[in-house]
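Below is coords-v2.cif, which holds mmCIF, C-alpha atoms.
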data_target
#
loop_
_atom_site.label_atom_id
_atom_site.label_comp_id
_atom_site.auth_asym_id
_atom_site.auth_seq_id
_atom_site.Cartn_x
_atom_site.Cartn_y
_atom_site.Cartn_z
CA MET R 12 -63.45 32.76 21.35
CA LEU R 13 -61.77 29.85 19.56
CA LEU R 14 -58.91 30.01 22.00
CA ALA R 15 -61.34 29.79 24.88
CA LEU R 16 -62.91 26.67 23.38
CA ALA R 17 -59.51 25.09 22.78
CA TYR R 18 -58.77 25.13 26.51
CA THR R 19 -57.89 21.71 27.91
CA PRO R 20 -58.07 21.05 31.65
CA PRO R 21 -54.71 20.21 33.26
CA GLU R 22 -56.03 16.86 34.45
CA ALA R 23 -58.77 14.56 33.21
CA PRO R 24 -61.72 14.40 35.67
CA ILE R 25 -61.02 10.69 36.29
CA ASP R 26 -57.60 11.63 37.72
CA GLN R 27 -59.30 13.28 40.69
CA ILE R 28 -60.54 9.88 41.92
CA ALA R 29 -57.97 7.61 40.24
CA ALA R 30 -56.13 6.96 43.50
CA GLY R 31 -59.27 5.41 45.00
CA LEU R 32 -59.87 2.98 42.12
CA GLY R 33 -58.72 -0.64 41.91
CA SER R 34 -56.98 -2.29 38.96
CA ASN R 35 -60.41 -2.84 37.40
CA GLY R 36 -61.06 0.92 37.37
CA LEU R 37 -63.75 0.73 40.06
CA PRO R 38 -63.81 1.46 43.79
CA TYR R 39 -65.18 -2.09 44.32
CA SER R 40 -64.09 -5.48 42.96
CA LEU R 41 -67.07 -6.50 40.79
CA PRO R 42 -69.10 -4.19 38.53
CA ILE R 43 -72.79 -3.72 39.41
CA HIS R 44 -74.25 -2.85 35.99
CA PRO R 45 -73.73 -6.29 34.35
CA ASN R 46 -75.50 -7.96 37.29
CA LEU R 47 -78.54 -5.69 37.05
CA VAL R 48 -78.56 -6.37 33.30
CA HIS R 49 -79.44 -10.03 34.10
CA LEU R 50 -82.66 -8.75 35.65
CA THR R 51 -83.53 -6.23 32.93
CA ILE R 52 -83.06 -8.68 30.06
CA GLY R 53 -84.54 -11.74 31.78
CA LEU R 54 -87.63 -9.92 33.00
CA PHE R 55 -88.30 -8.13 29.70
CA VAL R 56 -87.92 -11.21 27.50
CA ILE R 57 -90.04 -13.45 29.74
CA ALA R 58 -92.71 -10.73 30.13
CA ILE R 59 -93.19 -10.48 26.35
CA ALA R 60 -92.86 -14.26 25.88
CA PHE R 61 -95.66 -14.96 28.37
CA ASP R 62 -97.91 -12.35 26.80
CA VAL R 63 -97.33 -14.15 23.48
CA VAL R 64 -98.27 -17.44 25.18
CA GLY R 65 -101.38 -15.75 26.62
CA ALA R 66 -102.31 -14.29 23.23
CA LEU R 67 -101.97 -17.68 21.49
CA TYR R 68 -103.89 -19.45 24.27
CA PRO R 69 -106.61 -20.92 21.98
CA LEU R 70 -103.92 -22.78 20.02
CA GLU R 71 -102.04 -24.24 22.94
CA LYS R 72 -104.72 -25.05 25.54
CA ARG R 73 -104.93 -28.65 24.27
CA VAL R 74 -101.20 -29.10 24.81
CA PHE R 75 -101.50 -27.99 28.43
CA ARG R 76 -104.51 -30.26 28.88
CA PHE R 77 -102.42 -33.14 27.51
CA LEU R 78 -99.69 -32.27 30.03
CA ALA R 79 -102.32 -32.24 32.81
CA LEU R 80 -101.02 -28.80 33.78
CA PRO R 81 -103.90 -26.61 34.98
CA ILE R 82 -103.52 -23.14 33.49
CA THR R 83 -105.45 -19.92 33.05
CA ARG R 84 -105.00 -17.37 30.31
CA GLY R 85 -105.06 -14.62 32.94
CA GLY R 86 -102.14 -16.33 34.71
CA PHE R 87 -99.95 -16.00 31.61
CA HIS R 88 -100.88 -12.34 31.23
CA ASP R 89 -100.14 -11.79 34.93
CA VAL R 90 -96.58 -12.97 34.24
CA GLY R 91 -96.45 -10.57 31.28
CA TRP R 92 -97.58 -7.63 33.40
CA TYR R 93 -95.74 -8.15 36.70
CA ASN R 94 -92.43 -9.13 35.07
CA LEU R 95 -92.55 -6.03 32.87
CA LEU R 96 -93.38 -3.85 35.87
CA ALA R 97 -90.41 -5.30 37.77
CA CYS R 98 -88.22 -4.86 34.67
CA CYS R 99 -89.25 -1.19 34.43
CA LEU R 100 -88.33 -0.51 38.06
CA VAL R 101 -85.01 -2.39 37.96
CA THR R 102 -83.88 -0.84 34.69
CA PHE R 103 -83.61 2.65 36.21
CA PHE R 104 -80.93 1.21 38.51
CA THR R 105 -79.34 -0.74 35.65
CA VAL R 106 -78.92 2.47 33.64
CA ALA R 107 -77.80 4.48 36.69
CA ALA R 108 -75.14 1.90 37.58
CA GLY R 109 -74.10 1.76 33.92
CA PHE R 110 -73.54 5.51 33.77
CA TYR R 111 -71.58 5.54 37.02
CA GLU R 112 -69.34 2.73 35.81
CA MET R 113 -68.96 4.36 32.38
CA LEU R 114 -67.49 7.44 34.09
CA THR R 115 -64.48 5.41 35.24
CA ALA R 116 -64.28 3.09 32.20
CA VAL R 117 -61.00 2.89 30.32
CA PRO R 118 -61.37 0.86 27.11
CA LEU R 119 -58.11 -0.76 25.95
CA PRO R 120 -56.44 1.54 23.40
CA GLY R 121 -55.99 0.57 19.77
CA VAL R 122 -58.75 -2.06 19.78
CA THR R 123 -61.44 -2.29 17.10
CA SER R 124 -64.51 -4.37 17.89
CA THR R 125 -66.13 -7.09 15.78
CA PHE R 126 -68.54 -4.34 14.65
CA GLY R 127 -65.56 -2.24 13.50
CA LEU R 128 -66.06 0.39 16.22
CA GLY R 129 -63.56 1.93 18.64
CA GLY R 130 -63.91 1.78 22.41
CA MET R 131 -65.30 5.28 22.94
CA THR R 132 -67.77 4.95 20.04
CA THR R 133 -69.01 1.62 21.40
CA MET R 134 -69.40 3.15 24.86
CA LEU R 135 -71.32 6.15 23.50
CA TRP R 136 -73.70 3.93 21.51
CA HIS R 137 -74.18 1.67 24.54
CA GLY R 138 -74.76 4.65 26.85
CA VAL R 139 -77.19 6.56 24.65
CA GLY R 140 -78.81 3.29 23.53
CA GLY R 141 -79.31 2.33 27.18
CA VAL R 142 -81.30 5.47 27.87
CA MET R 143 -83.38 4.85 24.74
CA VAL R 144 -84.05 1.23 25.79
CA LEU R 145 -85.09 2.46 29.25
CA ALA R 146 -87.46 4.99 27.63
CA VAL R 147 -89.03 2.25 25.49
CA ILE R 148 -89.39 -0.09 28.50
CA VAL R 149 -91.10 2.68 30.52
CA GLY R 150 -93.35 3.49 27.55
CA MET R 151 -94.24 -0.17 27.04
CA THR R 152 -95.02 -0.58 30.77
CA VAL R 153 -97.45 2.37 30.63
CA TRP R 154 -98.93 0.97 27.39
CA ARG R 155 -99.24 -2.49 28.97
CA GLY R 156 -100.90 -0.95 32.03
CA PHE R 157 -103.52 0.84 29.90
CA GLN R 158 -104.27 -2.41 28.08
CA ARG R 159 -104.58 -4.37 31.33
CA PHE R 160 -106.63 -1.92 33.36
CA PHE R 161 -108.63 0.05 30.75
CA TRP R 162 -108.68 -0.83 27.06
CA ARG R 163 -108.74 -4.64 27.24
CA ARG R 164 -109.85 -5.12 30.83
CA ASP R 165 -112.67 -7.52 30.04
CA MET R 166 -111.04 -9.32 27.14
CA GLY R 167 -109.37 -12.73 27.18
CA ARG R 168 -106.39 -11.54 25.17
CA GLN R 169 -105.05 -8.77 27.34
CA VAL R 170 -102.54 -7.35 24.83
CA GLN R 171 -102.70 -5.89 21.33
CA TRP R 172 -100.84 -7.64 18.51
CA LEU R 173 -98.95 -4.40 17.91
CA TYR R 174 -97.67 -4.48 21.51
CA LEU R 175 -96.32 -8.00 21.00
CA ALA R 176 -94.74 -6.98 17.68
CA VAL R 177 -92.98 -4.02 19.34
CA GLY R 178 -91.83 -6.38 22.11
CA ILE R 179 -90.32 -8.81 19.61
CA VAL R 180 -88.58 -5.96 17.74
CA MET R 181 -87.18 -4.92 21.12
CA PHE R 182 -85.69 -8.43 21.52
CA ALA R 183 -83.52 -7.66 18.50
CA VAL R 184 -82.70 -4.13 19.73
CA ILE R 185 -81.76 -5.39 23.20
CA GLY R 186 -79.77 -8.25 21.64
CA LEU R 187 -77.75 -5.75 19.61
CA HIS R 188 -77.44 -3.41 22.55
CA GLY R 189 -76.31 -6.23 24.83
CA THR R 190 -73.71 -7.30 22.26
CA LEU R 191 -72.20 -3.80 22.41
CA GLY R 192 -72.04 -4.16 26.19
CA ALA R 193 -70.45 -7.60 25.91
CA GLN R 194 -67.86 -6.18 23.50
CA LEU R 195 -66.98 -3.45 26.01
CA ALA R 196 -66.05 -6.21 28.43
CA ALA R 197 -64.66 -9.06 26.33
CA GLU R 198 -62.96 -6.98 23.60
CA PHE R 199 -62.22 -3.60 25.22
CA GLY R 200 -61.49 -5.03 28.69
CA VAL R 201 -63.60 -2.38 30.44
CA HIS R 202 -63.56 -3.00 34.22
CA ILE R 203 -61.87 -6.39 33.80
CA ALA R 204 -58.96 -6.54 36.23
CA ALA R 205 -56.92 -9.12 34.24
CA ASP R 206 -57.21 -7.18 30.95
CA GLN R 207 -56.25 -3.88 32.56
CA LEU R 208 -53.33 -5.46 34.41
CA LEU R 209 -52.04 -7.09 31.21
CA GLN R 210 -52.34 -3.73 29.44
CA ALA R 211 -50.28 -2.14 32.23
CA GLY R 212 -47.59 -4.76 31.64
CA ALA R 213 -48.21 -6.70 34.86
CA ASP R 214 -47.45 -10.40 35.22
CA LEU R 215 -50.72 -12.16 36.07
CA HIS R 216 -48.85 -14.92 37.92
CA THR R 217 -48.00 -12.39 40.60
CA ALA R 218 -50.78 -9.80 40.11
CA LEU R 219 -53.63 -12.36 40.16
CA PRO R 220 -52.23 -15.46 41.89
CA MET F 10 -60.84 -36.37 14.44
CA LEU F 11 -59.76 -33.12 16.07
CA GLU F 12 -59.68 -31.31 12.73
CA LEU F 13 -63.44 -31.87 12.47
CA LEU F 14 -63.99 -29.50 15.40
CA PRO F 15 -64.75 -25.90 14.42
CA PRO F 16 -61.83 -23.44 14.68
CA LEU F 17 -61.62 -21.22 17.76
CA ASN F 18 -61.78 -17.43 17.47
CA ASP F 19 -59.96 -14.75 19.49
CA HIS F 20 -62.29 -15.48 22.44
CA ASN F 21 -61.11 -19.12 22.28
CA LEU F 22 -64.66 -20.06 21.30
CA PRO F 23 -66.22 -21.78 18.28
CA TRP F 24 -68.99 -19.14 18.34
CA MET F 25 -68.89 -15.32 18.35
CA ASP F 26 -69.05 -14.69 22.09
CA THR F 27 -69.77 -16.51 25.36
CA ILE F 28 -73.34 -17.89 25.41
CA HIS F 29 -73.42 -19.08 29.04
CA PRO F 30 -73.70 -15.52 30.49
CA ILE F 31 -76.65 -14.85 28.16
CA VAL F 32 -78.55 -17.97 29.19
CA VAL F 33 -77.95 -17.31 32.89
CA HIS F 34 -79.89 -14.02 32.56
CA PHE F 35 -82.98 -16.23 32.62
CA VAL F 36 -81.95 -18.45 35.51
CA ILE F 37 -80.87 -15.58 37.75
CA SER F 38 -83.68 -13.14 37.05
CA MET F 39 -86.52 -15.69 36.94
CA ALA F 40 -85.47 -17.50 40.13
CA LEU F 41 -84.82 -14.31 42.11
CA ILE F 42 -87.96 -12.48 40.96
CA GLY F 43 -89.97 -15.65 41.67
CA PHE F 44 -88.82 -15.54 45.29
CA ILE F 45 -89.50 -11.78 45.54
CA PHE F 46 -93.02 -12.20 44.12
CA ASP F 47 -93.63 -15.06 46.60
CA VAL F 48 -92.63 -12.81 49.50
CA ILE F 49 -94.78 -9.91 48.23
CA GLY F 50 -97.67 -12.33 47.60
CA VAL F 51 -97.54 -13.62 51.18
CA VAL F 52 -96.93 -10.27 52.88
CA TRP F 53 -99.48 -8.26 50.88
CA ARG F 54 -101.86 -11.23 50.50
CA LYS F 55 -101.83 -11.16 46.70
CA PRO F 56 -102.16 -14.82 45.64
CA ALA F 57 -102.21 -13.81 41.94
CA LEU F 58 -98.46 -13.31 42.32
CA PHE F 59 -98.00 -16.98 43.25
CA GLU F 60 -98.95 -17.93 39.70
CA VAL F 61 -96.38 -15.44 38.35
CA SER F 62 -93.62 -16.87 40.54
CA PHE F 63 -94.61 -20.46 39.66
CA TRP F 64 -94.03 -19.82 35.95
CA ASN F 65 -90.85 -17.89 36.63
CA LEU F 66 -89.50 -20.74 38.74
CA LEU F 67 -90.43 -23.30 36.09
CA PHE F 68 -88.65 -21.25 33.42
CA ALA F 69 -85.54 -20.82 35.60
CA THR F 70 -85.43 -24.58 36.08
CA GLY F 71 -85.59 -25.25 32.35
CA ALA F 72 -83.03 -22.56 31.59
CA ILE F 73 -80.42 -23.82 34.08
CA PHE F 74 -79.92 -27.02 32.09
CA VAL F 75 -79.24 -25.00 28.93
CA ALA F 76 -76.90 -22.76 30.97
CA ILE F 77 -75.01 -25.83 32.22
CA ILE F 78 -74.57 -27.28 28.72
CA PHE F 79 -73.03 -24.05 27.40
CA GLY F 80 -71.23 -23.49 30.70
CA GLN F 81 -69.48 -26.86 30.46
CA VAL F 82 -68.34 -26.31 26.87
CA GLU F 83 -67.12 -22.79 27.61
CA ALA F 84 -65.47 -23.84 30.88
CA GLY F 85 -63.62 -26.53 28.95
CA LEU F 86 -62.26 -23.86 26.60
CA ALA F 87 -61.63 -21.23 29.29
CA ALA F 88 -58.05 -22.20 30.25
CA PRO F 89 -58.37 -20.91 33.82
CA TYR F 90 -55.20 -19.88 35.65
CA GLY F 91 -54.23 -19.21 39.27
CA ALA F 92 -57.13 -19.06 41.71
CA ALA F 93 -59.59 -19.00 38.78
CA ARG F 94 -59.14 -22.79 38.51
CA ASN F 95 -60.48 -23.23 42.00
CA ILE F 96 -63.31 -20.74 41.50
CA LEU F 97 -64.34 -22.47 38.27
CA ASP F 98 -64.45 -25.83 40.08
CA ILE F 99 -66.73 -24.46 42.82
CA HIS F 100 -68.85 -22.61 40.23
CA THR F 101 -69.29 -25.88 38.31
CA THR F 102 -70.21 -27.85 41.44
CA ILE F 103 -72.74 -25.27 42.63
CA GLY F 104 -74.13 -24.99 39.09
CA TRP F 105 -74.92 -28.71 38.84
CA SER F 106 -76.26 -28.68 42.41
CA LEU F 107 -78.52 -25.73 41.60
CA ALA F 108 -80.00 -27.71 38.69
CA GLY F 109 -81.02 -30.40 41.17
CA VAL F 110 -82.19 -27.96 43.82
CA LEU F 111 -84.26 -25.88 41.36
CA SER F 112 -85.83 -29.06 39.95
CA LEU F 113 -86.81 -30.18 43.45
CA LEU F 114 -88.18 -26.73 44.27
CA SER F 115 -90.22 -26.73 41.03
CA GLY F 116 -91.57 -30.19 41.81
CA TRP F 117 -92.58 -29.14 45.31
CA ARG F 118 -94.16 -25.98 43.92
CA TYR F 119 -96.10 -28.02 41.33
CA VAL F 120 -97.61 -30.14 44.11
CA LEU F 121 -98.44 -27.06 46.23
CA ARG F 122 -100.07 -25.36 43.25
CA SER F 123 -102.08 -28.49 42.40
CA ARG F 124 -103.44 -28.63 45.95
CA ASP F 125 -104.32 -24.95 46.37
CA PRO F 126 -102.85 -22.23 44.15
CA GLN F 127 -103.99 -19.53 46.61
CA ILE F 128 -101.85 -20.70 49.53
CA LEU F 129 -98.06 -20.75 49.91
CA PRO F 130 -96.58 -22.20 53.11
CA VAL F 131 -93.85 -20.25 54.89
CA SER F 132 -91.55 -23.29 54.59
CA PHE F 133 -91.49 -22.76 50.81
CA LEU F 134 -90.43 -19.15 51.37
CA GLY F 135 -87.65 -20.44 53.63
CA ALA F 136 -86.44 -22.81 50.92
CA GLY F 137 -86.75 -20.01 48.36
CA SER F 138 -84.55 -17.73 50.45
CA VAL F 139 -81.84 -20.42 50.76
CA VAL F 140 -81.90 -21.08 47.00
CA SER F 141 -81.80 -17.33 46.29
CA ALA F 142 -78.74 -16.99 48.53
CA LEU F 143 -77.10 -19.90 46.68
CA ILE F 144 -77.80 -18.16 43.37
CA VAL F 145 -76.24 -14.92 44.63
CA VAL F 146 -73.09 -16.84 45.66
CA GLN F 147 -73.02 -18.53 42.25
CA VAL F 148 -73.35 -15.15 40.48
CA ILE F 149 -70.45 -13.72 42.52
CA LEU F 150 -68.25 -16.70 41.57
CA GLY F 151 -69.17 -16.35 37.88
CA ASP F 152 -68.54 -12.61 38.11
CA LYS F 153 -65.04 -13.24 39.47
CA LEU F 154 -64.20 -15.49 36.52
CA ILE F 155 -64.99 -12.77 34.02
CA TRP F 156 -64.48 -9.46 35.84
CA ILE F 157 -61.32 -10.37 37.75
CA TYR F 158 -59.73 -13.17 35.71
CA GLY F 159 -61.13 -12.14 32.31
CA LEU F 160 -61.71 -15.69 31.05
CA HIS F 161 -62.63 -15.73 27.34
CA THR F 162 -61.75 -12.03 26.91
CA VAL F 163 -59.62 -11.24 23.87
CA LYS F 164 -56.74 -9.81 25.93
CA VAL F 165 -56.47 -12.82 28.27
CA VAL F 166 -56.84 -15.32 25.41
CA ALA F 167 -54.04 -13.54 23.51
CA ALA F 168 -51.82 -13.64 26.62
CA MET F 169 -52.63 -17.32 27.08
CA ARG F 170 -51.68 -18.10 23.49
CA GLU F 171 -48.40 -16.22 23.93
CA GLY F 172 -47.69 -18.33 27.01
CA LEU F 173 -47.80 -15.33 29.37
CA ILE F 174 -50.29 -16.95 31.75
#

Could you quickly redo this structure as structure tokens?
Amino acid sequence: MLLALAYTPPEAPIDQIAAGLGSNGLPYSLPIHPNLVHLTIGLFVIAIAFDVVGALYPLEKRVFRFLALPITRGGFHDVGWYNLLACCLVTFFTVAAGFYEMLTAVPLPGVTSTFGLGGMTTMLWHGVGGVMVLAVIVGMTVWRGFQRFFWRRDMGRQVQWLYLAVGIVMFAVIGLHGTLGAQLAAEFGVHIAADQLLQAGADLHTALP
Amino acid sequence: MLELLPPLNDHNLPWMDTIHPIVVHFVISMALIGFIFDVIGVVWRKPALFEVSFWNLLFATGAIFVAIIFGQVEAGLAAPYGAARNILDIHTTIGWSLAGVLSLLSGWRYVLRSRDPQILPVSFLGAGSVVSALIVVQVILGDKLIWIYGLHTVKVVAAMREGLI
């Protein structure tokens, strides 16, 4: 039984497609996941921020009157709802692209991150964390929908304070999570052509003219 | 005087990691989603979405100036090499231009919203599509600087300091 478990395949799965990958470890020149991340993070943060602005409307309406900027409380909450809805839809693709690109990721060996973690550990935390963040975003979108269409339908403040608190906690979680992702690129050189070429001993003057 | 400047870390930065790519989350996503909401609002006749895209556009416009400030500092410390020098020049030029273009678009949108927030002329959608295309080009250029040339990554900074590039 133990012997059966100790079996190692003759080639790593990545070797089956290695010939089709570029120097950045991808079959295309620029990774997709980090670009979708712009949308996930931007939409989530602005959604919560505008719901905070909508919730604090009684305090700030004089400021907007001073600025001669016509506003409605419902308009702020519309930003909170539609941006979160868009974030929820996009993030499925963000996570999917992330998992695809993680399959072909080769973190630089022997590197320890600012957090004191190795490449594989960072990638596992970022991968599992990404699914958890997606789950929370989906949950918060459903929660936000119930508040908008049922529980607080006729109220000026469309969101519960608890919802805003969870959103602000998520800013910190996503900030930490994003830092892990940034470390995978800037410290472990994942999918960065120049880093991988340098690791392979190439001369960048000729490899990346 | 130079010794008064903060020391640079292994990313060749005075702070932990690049800030410009974090700030551009808000420019890219707010400007692009603003255009998408405008299109959906016109096609599906949902004027409530025009208010959402107005605020997104306004936020993108504010954020791009912050992105440029950090972008300029980090570009100055990037030590680009090879074709990255050229790409960084074009990225910088388009970046400053986008600040102007987004400001104009926001101003135009403010006037349209003041007149009638329920109506959005097709010409604004046309302008929005051009600006969105410009943003996509700008993102691709920025992507090349990091994902191909690895500017500000630890490995490239180390090679630069060893005189390898």

- Query: For chain R, which residue among F:Val75, F:Ile144, F:Val48, F:Ile42 is the nearest when counting only C-alpha atoms?
  - Reply: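 Smallest distance to chain R is found for F:Ile42.
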
- Task: Report the residues retrieved by the PyMOL selection byres ((chain F) within 7 of (chain R)) from the displayed file, expressed as a ChimeraX atom specification.
- Result: /F:34-35,37-39,60-61,91-92,152,156-159,162-165,174

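Atom CA of Leu97 of chain F is positioned 20.5 Å from atom CA of Gly172 of chain F.
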
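Among R:Leu96, R:Pro20, R:Pro69, R:Leu32, the residue with the shortest atom-to-atom distance to Val149 of chain R, counting all atoms listed in the file, is R:Leu96.
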
- Message: Running the PyMOL selection byres ((chain F and resi 79) around 12) on this model by hand, what would come out? Give it as a list in words.
- Response: Leu22, Pro23, Trp24, Asp26, Thr27, Ile28, His29, Pro30, Ile31, Val32, Val33, Ala72, Ile73, Phe74, Val75, Ala76, Ile77, Ile78, Gly80, Gln81, Val82, Glu83, Ala84, Gly85, Leu86, Ala87, Thr101 and Gly104 of chain F

- Message: Let me make sure I understand: among F:Leu41, F:Val166, F:Ile155, F:Leu173, which one has the smallest atom-to-atom distance to Val140 of chain F if we use only C-alpha atoms?
- Response: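 Of the candidates, the smallest distance to Val140 of chain F is held by F:Leu41.
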
- Query: Smallest atom-to-atom distance to Ser141 of chain F: which of F:Leu67, F:Trp105, F:Leu17, F:Leu114, using all atoms listed in the file?
  - Reply: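 Going through F:Leu67, F:Trp105, F:Leu17, F:Leu114 one by one, the smallest distance to Ser141 of chain F is for F:Leu114.
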
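Here the question is which of R:Arg84, R:Arg155, R:Lys72, R:His188 gets nearest to Gly138 of chain R using only C-alpha atoms, and that residue is R:His188.
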
- Query: If you count only C-alpha atoms, which residues fall within 9 Å of segment 150-154 of chain R, apart from same-chain ones fewer than 3 positions away, as a list in words?
  - Reply: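 Counting only the stated atoms, we get Trp92, Leu95, Leu96, Cys98, Cys99, Leu145, Ala146, Val147, Phe157, Gln158, Arg159, Tyr174, Val177 and Gly178 of chain R.
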
- Would you kindly translate the PyMOL selection byres ((chain F and resi 137) around 9) into the concrete residues it picks from this file, as a PyMOL selection string? chain F and resi 40-41+43-44+47+114+132-136+138-142

As lines of an AutoDock Vina configuration file, please: the centre and edge lengths in Å, to one decimal, of an axis-aligned box enclosing every listed atom of segment 202-214 of chain R with 4 Å added on each side.
center_x = -55.5
center_y = -6.3
center_z = 32.8
size_x = 24.1
size_y = 16.3
size_z = 14.8

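Between atom CA of Met25 of chain F and atom CA of Pro118 of chain R there is a distance of 19.9 Å.
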
- Using all atoms listed in the file, find the one residue out of R:Thr115, R:Ile185, R:Val64, R:Tyr39 that sits nearest to Trp64 of chain F.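 Ranked by minimum distance to Trp64 of chain F, first place goes to R:Val64.
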
- In Å to one decimal, how far is atom CA of Ile28 of chain R from atom CA of Val122 of chain R?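 Straight-line distance from atom CA of Val122 of chain R to atom CA of Ile28 of chain R works out to 25.2 Å.
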
- Message: Applying 8 Å and all atoms listed in the file, which residues near Leu191 of chain R remain after dropping the ones on its own chain fewer than 3 positions away? List them as a ChimeraX atom specification.
- Response: /R:133-134,136-137,187-188,194-195
